[in-house]
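Peer 1: One structure, as structure tokens, below. Some questions next.
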Amino acid sequence: MKYRNEYCIRLFLTIAFIVMSMVAFAQDMTVKAPSSVFTGQRFHVRYEVNDRARDFKGPDFKGFSVLSGPSISNSSSTSWINGQVSHSVTTGFDYIIQADVVGSFTVGSASCTVEGKKVSCPSFTIKVEKGQPNQNQQSQQNYAYGRSSQQYQQQSAEIDGNSLFARASISKSNPYQGEQVIIVYKVYTQIPISQFTIDKLPGNKGFWSEDLSENQTQVKQYEETYNGRQYQVAEIRRGAMFAQESGNIKIEPLDLDVLAMVRRQPRRTGTIWDLFDDPFFNSAQAVEKHLTTNSLRVNVKPLPPSPEGFCGGVGSFDVKGSCDHTEVKANEAITYTVTIHGSGNIMLINAPSIEFPQVFEVYDPENEDRISRSDNGVSGTRTFKWVLIPRSEGQFEIPEFQFAYFDPKLGQYVTRTIPSVSIKVNPGDPKAMQSVTNKSDIKVLNSDINYIKTRPVKLSTLASVSAVPVFLYVGLGLIVLLWLITFLILRHLQVSRQDVVGTRLRRATKEAKKRLRKAESYLKSGNDERFYEEIYRAIWGCLADKFNIALSRLSSDTVQECLIEKNVDAPVQERILETLRDVDFARFAPGDKSARKQQIYEEALQMIASL
Amino acid sequence: MIKSVDMKKIFSIFCFLLIFSVLSAQTPVQQLEAGNHYYEVKDYASAVQSYNAVLASGYCSAQLYYNLGNAYYRQNEIAQSILNYERALRITPNDREIQENLALANSKTQDQINAIPQLFVVRIWKGFVQLFSTRGWCIVSLLCLLLFGSDLLLFLFVNQYAVRKFTFVFGVVLLCCSLLTGASVFASRHHKTEAIVMATMTTMKSSPEVGSIDKLIVHAGTKLEVEETIQDWHKVRLPDGNTGWMQTSVLEII
């Protein structure tokens, strides 16, 4: 046990010491120097310590000529961020070195003392290549004005293709269809350039492109090593490209013109004018050079078969769905919003198809974009808004739906589900409801049915209602019957009117009686003459009518003839004749008439009755 | 002796029954009035009940069907209301209130069918026949006949030339009228077999089998003509000429 403990303690201390020693070297020294130079080229080597340093011991630059150094510089800075004060001090040691010989040289380590501790910087290698013959003739005076000697490579009017060219680079040469790739056009130069103009932009066939360098005010510049050489790089164009079709697509090169400031070779004429050739006076010549970038070949991979809910999004996204109201009255509008946020081809995403319940009248979605373009590409938010109007009341649900996008980093589709939203629709205002009908004919919409019939209250049996009423037949029969009767009567009347003889006969007795009544009245009134006249008429009239004798032929003889014809009994015959004689006699013969009047009257009566 | 005793018995029984029937149940007229009363106080369910009770006891009238149609309409049973309005119209086709209510109820149905227009003469005739109910036509035709009869008598028994001429012409006219009105009596009684769809939504099939192809969808309240009946299937024809088969359970014949 004891041994074990001791061993542990020892181990711990060893580790602690090592760590501490490493910590002690937290203050470290860095060196800045180019990794490859040309012969005759002058360059800086700079050592930096992030604290106050003393006793700097520099390396020996074997194979190089030390033109100056080390020069010590101090800088200190204080910054106050979020209430915290931080103070930093930097000490720098500068050398100006010139490379003479071709080869690969190791620069030894340097050291200094920081707060009593020794800090050192490891050794590094510099490769020296064969430079241009002209480079050797760089005068010292170039250096004297403190310019970075790297920039002055040429002195002739000719510009070497290796010292000034343009390049196009793409972030990914085999993207997925729709994946965002960044394409950058850079000008690599070792000589100063005053301006550039883009001559011909590459076509965008097969791509959707977004320019990311639009809003840049300053051209980005930095140093970059390419093919072992140091260049000053200017980024002239940066774009985000989204492939719209799969396959092998060639991006055309970009053409541009640059104005390079080339150092004129000083002509030493030996006169005073040489002074004017001095670089102190601006003796750089502007030379126009036409540059063409390389063309790029992109191999676009097609997307795998898409799942349900894929709306064309390639990249990385977040989706949210929401509704502005969850309780609404019928015929009032609500808005359903789907927000898609992320980076990728956000502006090429289509609206997801959502099956809204039938009760809603759906209007085509509007979309709103907020896209930001940065050096890393395109990102932002796209919002889809649907206006929905429910046409009847009830409880409804906007169903959950899927939104799928392809994530090129994962190489597969990602599906997000947007949860369903419940909407409660309350009954709408009656005024609004009236305009909705199923039929196109709305002529009688605003009227109501008529009231019930309260009078007359009558009922009939079911059978009788559908049959022809009985009274039709009854009525028919009655009418026919009535008509027949009337017809017969009228006919009879007509006929009998036409029968004169018959009429006369029928009327004979009546006539006689009428006359007798008259005679009676005369008898009573004592009008003898008249009495006899009437009697006479009555008897003769009756006889004439009964026997149908014309008045002109009327006489006793004719009467007698008729009587015999009619086989009237002899006594009756006698009586009639006697009555006739009596009447005549009474009429015309004088004498007492009053007694006989009554007798005659009765005789006449009897006679007429017997006829 | 025996005979008279029997007679007495029968008579007394008859009287008893008469009194009994009068006192016990409500008469149909009373039920009808009760129904009207329920309608007035907006108790439409009871009104429907009362009216249907009258119908069940074997009595009806245009007024009854109309009121029943109204009560159903108020309960939003549009198909039933249309059925009853149609029945009322068959009794009194010239009643404006029934026609208006039927038009309103029809506007609430879902099917809008483009009816084939009938021949002009057919339409004229139908319109003419609908001027009166059957009873009305009976009265009119009897009147016409009466007039014709008197005219004929005048013609036969009056000798004046002018009178004869007039009565002759008039008589011919009246004869035509009588014949026309007589025909109307029977025409007004004759109706095509028609039915109303009662089910909310149903299909017209191509043959009278449950599994046959559906030809059309029809909704409640649509009026159809029934051409034929086989077992429990009706062959129906829509106003636009389409025919099909429907089960008797989904229809109710007017």
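Identifiers in the structure tokens: chain A, B, ... in order shown; residue index from 1 per chain; ligand index from 1 in order shown.
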Would you please give, as a PyMOL selection string, all residues of region 52-107 of chain B that DSSP assigns to alpha helix (DSSP H) based on the backbone?

Peer 2: chain B and resi 52-56+62-74+78-91+96-107

Peer 1: May I have a table of the residues of chain A lying at most 8 Å from chain B, giving each one's closest pair of atoms and their distance in Å to one decimal, counting only C-alpha atoms, ordered by chain and ascending residue number, as CSV?

Peer 2:
```
residue,atom,partner,partner_atom,distance
A:Asn438,CA,B:Gln110,CA,6.1
A:Lys439,CA,B:Gln110,CA,6.5
A:Asp441,CA,B:Ser107,CA,7.3
A:Ile442,CA,B:Ser107,CA,7.4
A:Val444,CA,B:Leu104,CA,6.1
A:Leu445,CA,B:Leu104,CA,7.7
A:Ser447,CA,B:Leu104,CA,7.9
A:Asp448,CA,B:Leu104,CA,7.5
A:Ile449,CA,B:Asn101,CA,5.1
A:Asn450,CA,B:Glu97,CA,6.2
A:Tyr451,CA,B:Asn70,CA,7.6
A:Ile452,CA,B:Asn67,CA,5.0
A:Lys453,CA,B:Gln63,CA,6.1
A:Thr454,CA,B:Asn36,CA,6.8
A:Val457,CA,B:Val29,CA,7.0
A:Lys458,CA,B:Ser61,CA,7.0
A:Leu459,CA,B:Ser61,CA,5.3
A:Ser460,CA,B:Tyr59,CA,5.4
A:Thr461,CA,B:Tyr59,CA,4.3
A:Leu462,CA,B:Tyr59,CA,5.4
A:Val465,CA,B:Ile91,CA,7.1
A:Ser466,CA,B:Arg189,CA,6.7
A:Ala467,CA,B:Arg189,CA,6.9
A:Val468,CA,B:Thr134,CA,6.9
A:Pro469,CA,B:Arg135,CA,6.7
A:Leu472,CA,B:Cys138,CA,5.6
A:Gly475,CA,B:Leu142,CA,6.7
A:Leu476,CA,B:Leu142,CA,6.5
A:Ile479,CA,B:Leu146,CA,6.5
A:Trp483,CA,B:Gly149,CA,6.4
A:Phe487,CA,B:Leu153,CA,6.6
A:Leu490,CA,B:Phe157,CA,7.4
A:Arg491,CA,B:Phe157,CA,7.6
A:Gln494,CA,B:Phe157,CA,7.8
```

Peer 1: How about saving the chosen residues, N, CA, C and O atoms kept, as a short mmCIF file (atom, residue, chain, number, x, y, z; two decimals), in the first residue's frame?

Peer 2:
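Output saved as again_36.cif:
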```
data_model
loop_
_atom_site.label_atom_id
_atom_site.label_comp_id
_atom_site.auth_asym_id
_atom_site.auth_seq_id
_atom_site.Cartn_x
_atom_site.Cartn_y
_atom_site.Cartn_z
N ASN A 438 -76.34 26.60 -52.41
CA ASN A 438 -75.80 25.57 -53.27
C ASN A 438 -76.23 25.76 -54.71
O ASN A 438 -75.59 25.31 -55.62
N LYS A 439 -77.37 26.38 -54.90
CA LYS A 439 -77.88 26.48 -56.24
C LYS A 439 -77.54 27.85 -56.81
O LYS A 439 -77.41 28.81 -56.08
N ASP A 441 -79.54 29.44 -58.69
CA ASP A 441 -80.76 30.22 -58.82
C ASP A 441 -81.13 30.77 -57.44
O ASP A 441 -81.58 30.05 -56.60
N ILE A 442 -80.90 32.02 -57.17
CA ILE A 442 -81.17 32.57 -55.85
C ILE A 442 -82.33 33.54 -55.89
O ILE A 442 -82.44 34.46 -55.12
N VAL A 444 -85.56 33.27 -55.13
CA VAL A 444 -86.52 33.37 -54.04
C VAL A 444 -85.85 33.31 -52.67
O VAL A 444 -86.42 32.81 -51.72
N LEU A 445 -84.66 33.78 -52.57
CA LEU A 445 -83.89 33.58 -51.35
C LEU A 445 -84.46 34.30 -50.15
O LEU A 445 -84.52 33.77 -49.06
N SER A 447 -87.41 35.45 -49.40
CA SER A 447 -88.82 35.42 -49.01
C SER A 447 -89.08 34.18 -48.18
O SER A 447 -88.28 33.27 -48.13
N ASP A 448 -90.19 34.18 -47.52
CA ASP A 448 -90.53 33.07 -46.65
C ASP A 448 -91.80 32.41 -47.17
O ASP A 448 -92.52 32.99 -48.00
N ILE A 449 -92.11 31.23 -46.64
CA ILE A 449 -93.30 30.53 -47.12
C ILE A 449 -94.56 31.25 -46.63
O ILE A 449 -94.55 31.92 -45.60
N ASN A 450 -95.64 31.05 -47.37
CA ASN A 450 -96.92 31.63 -46.98
C ASN A 450 -97.46 30.91 -45.75
O ASN A 450 -97.07 29.78 -45.46
N TYR A 451 -98.35 31.55 -45.06
CA TYR A 451 -98.89 30.97 -43.83
C TYR A 451 -99.88 29.87 -44.17
O TYR A 451 -100.36 29.74 -45.30
N ILE A 452 -100.21 29.06 -43.14
CA ILE A 452 -101.13 27.94 -43.37
C ILE A 452 -102.55 28.46 -43.65
O ILE A 452 -102.88 29.59 -43.33
N LYS A 453 -103.35 27.61 -44.27
CA LYS A 453 -104.74 27.96 -44.53
C LYS A 453 -105.56 27.51 -43.32
O LYS A 453 -105.56 26.33 -42.97
N THR A 454 -106.22 28.45 -42.69
CA THR A 454 -107.02 28.05 -41.53
C THR A 454 -108.50 27.91 -41.90
O THR A 454 -109.27 27.25 -41.23
N VAL A 457 -112.30 24.93 -43.35
CA VAL A 457 -111.89 23.64 -42.85
C VAL A 457 -112.79 22.59 -43.45
O VAL A 457 -113.94 22.46 -43.07
N LYS A 458 -112.22 21.92 -44.42
CA LYS A 458 -113.05 20.86 -45.00
C LYS A 458 -112.15 19.68 -45.32
O LYS A 458 -110.98 19.85 -45.65
N LEU A 459 -112.73 18.54 -45.20
CA LEU A 459 -111.97 17.34 -45.48
C LEU A 459 -112.80 16.42 -46.34
O LEU A 459 -114.02 16.43 -46.29
N SER A 460 -112.10 15.64 -47.11
CA SER A 460 -112.81 14.60 -47.85
C SER A 460 -111.99 13.34 -47.79
O SER A 460 -110.82 13.36 -47.42
N THR A 461 -112.59 12.24 -48.11
CA THR A 461 -111.85 10.98 -48.00
C THR A 461 -110.77 10.92 -49.07
O THR A 461 -110.88 11.54 -50.12
N LEU A 462 -109.78 10.14 -48.75
CA LEU A 462 -108.64 10.01 -49.66
C LEU A 462 -109.07 9.54 -51.04
O LEU A 462 -108.58 9.99 -52.06
N VAL A 465 -110.94 12.20 -53.18
CA VAL A 465 -110.17 13.34 -53.67
C VAL A 465 -109.56 13.06 -55.04
O VAL A 465 -109.50 13.91 -55.90
N SER A 466 -109.17 11.83 -55.21
CA SER A 466 -108.48 11.53 -56.47
C SER A 466 -109.43 11.08 -57.56
O SER A 466 -109.02 10.92 -58.70
N ALA A 467 -110.70 10.85 -57.25
CA ALA A 467 -111.63 10.37 -58.27
C ALA A 467 -112.44 11.53 -58.84
O ALA A 467 -112.51 12.60 -58.25
N VAL A 468 -113.04 11.27 -59.95
CA VAL A 468 -113.94 12.27 -60.53
C VAL A 468 -115.16 12.36 -59.62
O VAL A 468 -115.76 11.35 -59.28
N PRO A 469 -115.55 13.52 -59.23
CA PRO A 469 -116.65 13.61 -58.27
C PRO A 469 -117.95 13.05 -58.83
O PRO A 469 -118.21 13.16 -60.02
N LEU A 472 -120.66 15.05 -60.83
CA LEU A 472 -120.55 15.29 -62.27
C LEU A 472 -121.56 14.43 -63.00
O LEU A 472 -122.33 14.91 -63.85
N GLY A 475 -125.09 15.40 -62.04
CA GLY A 475 -125.45 16.64 -62.73
C GLY A 475 -125.71 16.41 -64.20
O GLY A 475 -126.66 16.95 -64.78
N LEU A 476 -124.83 15.60 -64.75
CA LEU A 476 -124.96 15.29 -66.18
C LEU A 476 -126.32 14.66 -66.45
O LEU A 476 -127.06 15.08 -67.37
N ILE A 479 -129.21 17.14 -66.05
CA ILE A 479 -129.32 18.09 -67.16
C ILE A 479 -129.96 17.43 -68.37
O ILE A 479 -130.86 17.98 -69.02
N TRP A 483 -133.56 18.43 -69.92
CA TRP A 483 -133.60 18.90 -71.29
C TRP A 483 -134.63 18.12 -72.11
O TRP A 483 -135.40 18.70 -72.87
N PHE A 487 -137.88 19.60 -73.84
CA PHE A 487 -137.99 19.43 -75.29
C PHE A 487 -139.35 18.84 -75.67
O PHE A 487 -140.02 19.31 -76.59
N LEU A 490 -142.23 21.30 -75.12
CA LEU A 490 -142.26 22.35 -76.15
C LEU A 490 -142.77 21.80 -77.47
O LEU A 490 -143.54 22.46 -78.18
N ARG A 491 -142.32 20.60 -77.77
CA ARG A 491 -142.74 20.01 -79.04
C ARG A 491 -144.24 19.80 -79.06
O ARG A 491 -144.94 20.08 -80.04
N GLN A 494 -146.00 22.93 -79.54
CA GLN A 494 -145.87 23.41 -80.92
C GLN A 494 -146.87 22.68 -81.82
O GLN A 494 -147.56 23.28 -82.63
#
```

Peer 1: List every residue of region 171-226 of chain B that DSSP, applied to the backbone of this structure, places in strand (DSSP E or B), and write the result as a PDB file with N, CA, C and O atoms, in the first residue's frame.

Peer 2:
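Below is the file states_12.pdb, written as the result:
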```
ATOM      1  N   GLU B 194     -95.450  10.196 -60.048  1.00  0.00           N
ATOM      2  CA  GLU B 194     -94.229  10.919 -59.720  1.00  0.00           C
ATOM      3  C   GLU B 194     -93.850  10.647 -58.279  1.00  0.00           C
ATOM      4  O   GLU B 194     -94.696  10.266 -57.477  1.00  0.00           O
ATOM      5  N   ALA B 195     -92.579  10.877 -57.984  1.00  0.00           N
ATOM      6  CA  ALA B 195     -92.097  10.639 -56.625  1.00  0.00           C
ATOM      7  C   ALA B 195     -91.050  11.687 -56.266  1.00  0.00           C
ATOM      8  O   ALA B 195     -90.470  12.335 -57.133  1.00  0.00           O
ATOM      9  N   ILE B 196     -90.851  11.820 -54.971  1.00  0.00           N
ATOM     10  CA  ILE B 196     -89.827  12.731 -54.470  1.00  0.00           C
ATOM     11  C   ILE B 196     -88.754  11.895 -53.781  1.00  0.00           C
ATOM     12  O   ILE B 196     -89.073  10.928 -53.094  1.00  0.00           O
ATOM     13  N   VAL B 197     -87.500  12.294 -53.968  1.00  0.00           N
ATOM     14  CA  VAL B 197     -86.402  11.590 -53.306  1.00  0.00           C
ATOM     15  C   VAL B 197     -86.386  11.989 -51.843  1.00  0.00           C
ATOM     16  O   VAL B 197     -86.379  13.180 -51.533  1.00  0.00           O
ATOM     17  N   MET B 201     -78.922  11.661 -49.785  1.00  0.00           N
ATOM     18  CA  MET B 201     -78.136  11.525 -51.003  1.00  0.00           C
ATOM     19  C   MET B 201     -78.215  10.080 -51.422  1.00  0.00           C
ATOM     20  O   MET B 201     -77.985   9.191 -50.621  1.00  0.00           O
ATOM     21  N   THR B 202     -78.546   9.855 -52.664  1.00  0.00           N
ATOM     22  CA  THR B 202     -78.652   8.480 -53.122  1.00  0.00           C
ATOM     23  C   THR B 202     -78.272   8.423 -54.597  1.00  0.00           C
ATOM     24  O   THR B 202     -78.116   9.449 -55.251  1.00  0.00           O
ATOM     25  N   THR B 203     -78.109   7.215 -55.091  1.00  0.00           N
ATOM     26  CA  THR B 203     -77.657   7.081 -56.471  1.00  0.00           C
ATOM     27  C   THR B 203     -78.723   6.411 -57.327  1.00  0.00           C
ATOM     28  O   THR B 203     -79.514   5.606 -56.855  1.00  0.00           O
ATOM     29  N   MET B 204     -78.679   6.749 -58.606  1.00  0.00           N
ATOM     30  CA  MET B 204     -79.530   6.097 -59.593  1.00  0.00           C
ATOM     31  C   MET B 204     -78.689   5.039 -60.251  1.00  0.00           C
ATOM     32  O   MET B 204     -77.603   5.350 -60.767  1.00  0.00           O
ATOM     33  N   LYS B 205     -79.165   3.824 -60.234  1.00  0.00           N
ATOM     34  CA  LYS B 205     -78.358   2.742 -60.780  1.00  0.00           C
ATOM     35  C   LYS B 205     -78.823   2.390 -62.186  1.00  0.00           C
ATOM     36  O   LYS B 205     -79.925   2.723 -62.604  1.00  0.00           O
ATOM     37  N   ASP B 214     -73.473   2.723 -60.574  1.00  0.00           N
ATOM     38  CA  ASP B 214     -74.174   3.967 -60.239  1.00  0.00           C
ATOM     39  C   ASP B 214     -74.083   4.924 -61.425  1.00  0.00           C
ATOM     40  O   ASP B 214     -73.001   5.197 -61.916  1.00  0.00           O
ATOM     41  N   LYS B 215     -75.228   5.442 -61.828  1.00  0.00           N
ATOM     42  CA  LYS B 215     -75.218   6.357 -62.977  1.00  0.00           C
ATOM     43  C   LYS B 215     -75.117   7.803 -62.530  1.00  0.00           C
ATOM     44  O   LYS B 215     -74.375   8.592 -63.083  1.00  0.00           O
ATOM     45  N   LEU B 216     -75.942   8.148 -61.539  1.00  0.00           N
ATOM     46  CA  LEU B 216     -76.020   9.544 -61.131  1.00  0.00           C
ATOM     47  C   LEU B 216     -76.228   9.622 -59.629  1.00  0.00           C
ATOM     48  O   LEU B 216     -76.743   8.694 -59.021  1.00  0.00           O
ATOM     49  N   ILE B 217     -75.887  10.779 -59.085  1.00  0.00           N
ATOM     50  CA  ILE B 217     -76.208  11.018 -57.680  1.00  0.00           C
ATOM     51  C   ILE B 217     -77.360  12.019 -57.631  1.00  0.00           C
ATOM     52  O   ILE B 217     -77.316  13.039 -58.320  1.00  0.00           O
ATOM     53  N   VAL B 218     -78.370  11.703 -56.847  1.00  0.00           N
ATOM     54  CA  VAL B 218     -79.447  12.664 -56.645  1.00  0.00           C
ATOM     55  C   VAL B 218     -79.589  12.934 -55.152  1.00  0.00           C
ATOM     56  O   VAL B 218     -79.272  12.080 -54.330  1.00  0.00           O
ATOM     57  N   HIS B 219     -80.056  14.120 -54.841  1.00  0.00           N
ATOM     58  CA  HIS B 219     -80.206  14.513 -53.445  1.00  0.00           C
ATOM     59  C   HIS B 219     -81.670  14.642 -53.085  1.00  0.00           C
ATOM     60  O   HIS B 219     -82.551  14.583 -53.937  1.00  0.00           O
ATOM     61  N   LYS B 223     -87.711  15.878 -57.741  1.00  0.00           N
ATOM     62  CA  LYS B 223     -88.921  15.208 -58.221  1.00  0.00           C
ATOM     63  C   LYS B 223     -88.571  14.360 -59.418  1.00  0.00           C
ATOM     64  O   LYS B 223     -87.878  14.804 -60.335  1.00  0.00           O
ATOM     65  N   LEU B 224     -89.075  13.120 -59.397  1.00  0.00           N
ATOM     66  CA  LEU B 224     -88.791  12.218 -60.516  1.00  0.00           C
ATOM     67  C   LEU B 224     -90.096  11.606 -60.982  1.00  0.00           C
ATOM     68  O   LEU B 224     -91.061  11.514 -60.237  1.00  0.00           O
ATOM     69  N   GLU B 225     -90.062  11.117 -62.206  1.00  0.00           N
ATOM     70  CA  GLU B 225     -91.218  10.409 -62.735  1.00  0.00           C
ATOM     71  C   GLU B 225     -90.932   8.919 -62.613  1.00  0.00           C
ATOM     72  O   GLU B 225     -89.828   8.461 -62.945  1.00  0.00           O
ATOM     73  N   VAL B 226     -91.887   8.164 -62.117  1.00  0.00           N
ATOM     74  CA  VAL B 226     -91.702   6.718 -61.967  1.00  0.00           C
ATOM     75  C   VAL B 226     -92.316   6.039 -63.176  1.00  0.00           C
ATOM     76  O   VAL B 226     -93.527   6.151 -63.417  1.00  0.00           O
TER      77      VAL B 226
END
```

Peer 1: Which residues come within 8 Å of region 203-209 of chain A, counting only C-alpha atoms, excluding same-chain residues fewer than 3 positions away, as a VMD selection string?

Peer 2: chain A and resid 239 to 245 249 251 to 252

Peer 1: Taking N, CA and C atoms for each residue, export the selection above as a PDB file, in the first residue's frame.

Peer 2:
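Printed below is again29.pdb as written:
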```
ATOM      1  N   GLY A 239     -19.480  34.297 -55.922  1.00  0.00           N
ATOM      2  CA  GLY A 239     -20.888  33.990 -56.190  1.00  0.00           C
ATOM      3  C   GLY A 239     -21.298  32.659 -55.591  1.00  0.00           C
ATOM      4  N   ALA A 240     -22.586  32.540 -55.310  1.00  0.00           N
ATOM      5  CA  ALA A 240     -23.147  31.261 -54.845  1.00  0.00           C
ATOM      6  C   ALA A 240     -23.885  30.642 -56.024  1.00  0.00           C
ATOM      7  N   MET A 241     -23.580  29.403 -56.324  1.00  0.00           N
ATOM      8  CA  MET A 241     -24.176  28.740 -57.476  1.00  0.00           C
ATOM      9  C   MET A 241     -24.965  27.518 -57.028  1.00  0.00           C
ATOM     10  N   PHE A 242     -26.135  27.353 -57.641  1.00  0.00           N
ATOM     11  CA  PHE A 242     -26.961  26.193 -57.325  1.00  0.00           C
ATOM     12  C   PHE A 242     -27.223  25.459 -58.636  1.00  0.00           C
ATOM     13  N   ALA A 243     -26.732  24.254 -58.757  1.00  0.00           N
ATOM     14  CA  ALA A 243     -26.894  23.505 -60.009  1.00  0.00           C
ATOM     15  C   ALA A 243     -28.364  23.117 -60.177  1.00  0.00           C
ATOM     16  N   GLN A 244     -28.905  23.344 -61.373  1.00  0.00           N
ATOM     17  CA  GLN A 244     -30.297  23.023 -61.620  1.00  0.00           C
ATOM     18  C   GLN A 244     -30.450  21.710 -62.382  1.00  0.00           C
ATOM     19  N   GLU A 245     -29.391  21.191 -62.876  1.00  0.00           N
ATOM     20  CA  GLU A 245     -29.477  19.896 -63.554  1.00  0.00           C
ATOM     21  C   GLU A 245     -28.252  19.085 -63.180  1.00  0.00           C
ATOM     22  N   ILE A 249     -21.061  19.668 -65.919  1.00  0.00           N
ATOM     23  CA  ILE A 249     -21.315  21.019 -66.442  1.00  0.00           C
ATOM     24  C   ILE A 249     -20.009  21.803 -66.436  1.00  0.00           C
ATOM     25  N   ILE A 251     -18.246  25.428 -66.415  1.00  0.00           N
ATOM     26  CA  ILE A 251     -18.470  26.855 -66.151  1.00  0.00           C
ATOM     27  C   ILE A 251     -17.436  27.620 -66.972  1.00  0.00           C
ATOM     28  N   GLU A 252     -17.932  28.522 -67.784  1.00  0.00           N
ATOM     29  CA  GLU A 252     -17.051  29.270 -68.681  1.00  0.00           C
ATOM     30  C   GLU A 252     -16.110  30.167 -67.889  1.00  0.00           C
TER      31      GLU A 252
END
```

Peer 1: Would you list the contacts of Ile346 (chain A) as a list in words, taking every protein, DNA or RNA residue within 10 Å and counting only C-alpha atoms, but skipping same-chain residues closer than 6 positions in sequence?

Peer 2: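 Within the cut-off, the hits are Gln180, Gly312, Gly313, Val314, Gly315, Ser316, Phe317, Ile340, Asp369, Arg370, Ile371, Val378, Ser379, Gly380, Thr381 and Arg382 of chain A.
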
Peer 1: How about saving the chosen residues, C-alpha atoms kept, as a PDB file, in the first residue's frame?

Peer 2:
```pdb
ATOM      1  CA  GLN A 180     -24.906  25.646 -52.700  1.00  0.00           C
ATOM      2  CA  GLY A 312     -36.913  21.525 -53.626  1.00  0.00           C
ATOM      3  CA  GLY A 313     -34.841  22.572 -50.637  1.00  0.00           C
ATOM      4  CA  VAL A 314     -31.187  21.549 -50.608  1.00  0.00           C
ATOM      5  CA  GLY A 315     -29.182  22.703 -47.627  1.00  0.00           C
ATOM      6  CA  SER A 316     -29.991  22.902 -43.981  1.00  0.00           C
ATOM      7  CA  PHE A 317     -33.334  24.299 -42.835  1.00  0.00           C
ATOM      8  CA  ILE A 340     -38.539  28.130 -43.585  1.00  0.00           C
ATOM      9  CA  ASP A 369     -38.170  36.359 -48.543  1.00  0.00           C
ATOM     10  CA  ARG A 370     -35.520  37.757 -46.288  1.00  0.00           C
ATOM     11  CA  ILE A 371     -32.267  36.583 -47.736  1.00  0.00           C
ATOM     12  CA  VAL A 378     -26.843  32.505 -49.178  1.00  0.00           C
ATOM     13  CA  SER A 379     -29.045  32.060 -46.161  1.00  0.00           C
ATOM     14  CA  GLY A 380     -32.243  33.531 -44.842  1.00  0.00           C
ATOM     15  CA  THR A 381     -35.945  33.034 -44.354  1.00  0.00           C
ATOM     16  CA  ARG A 382     -38.750  32.305 -46.749  1.00  0.00           C
TER      17      ARG A 382
END
```
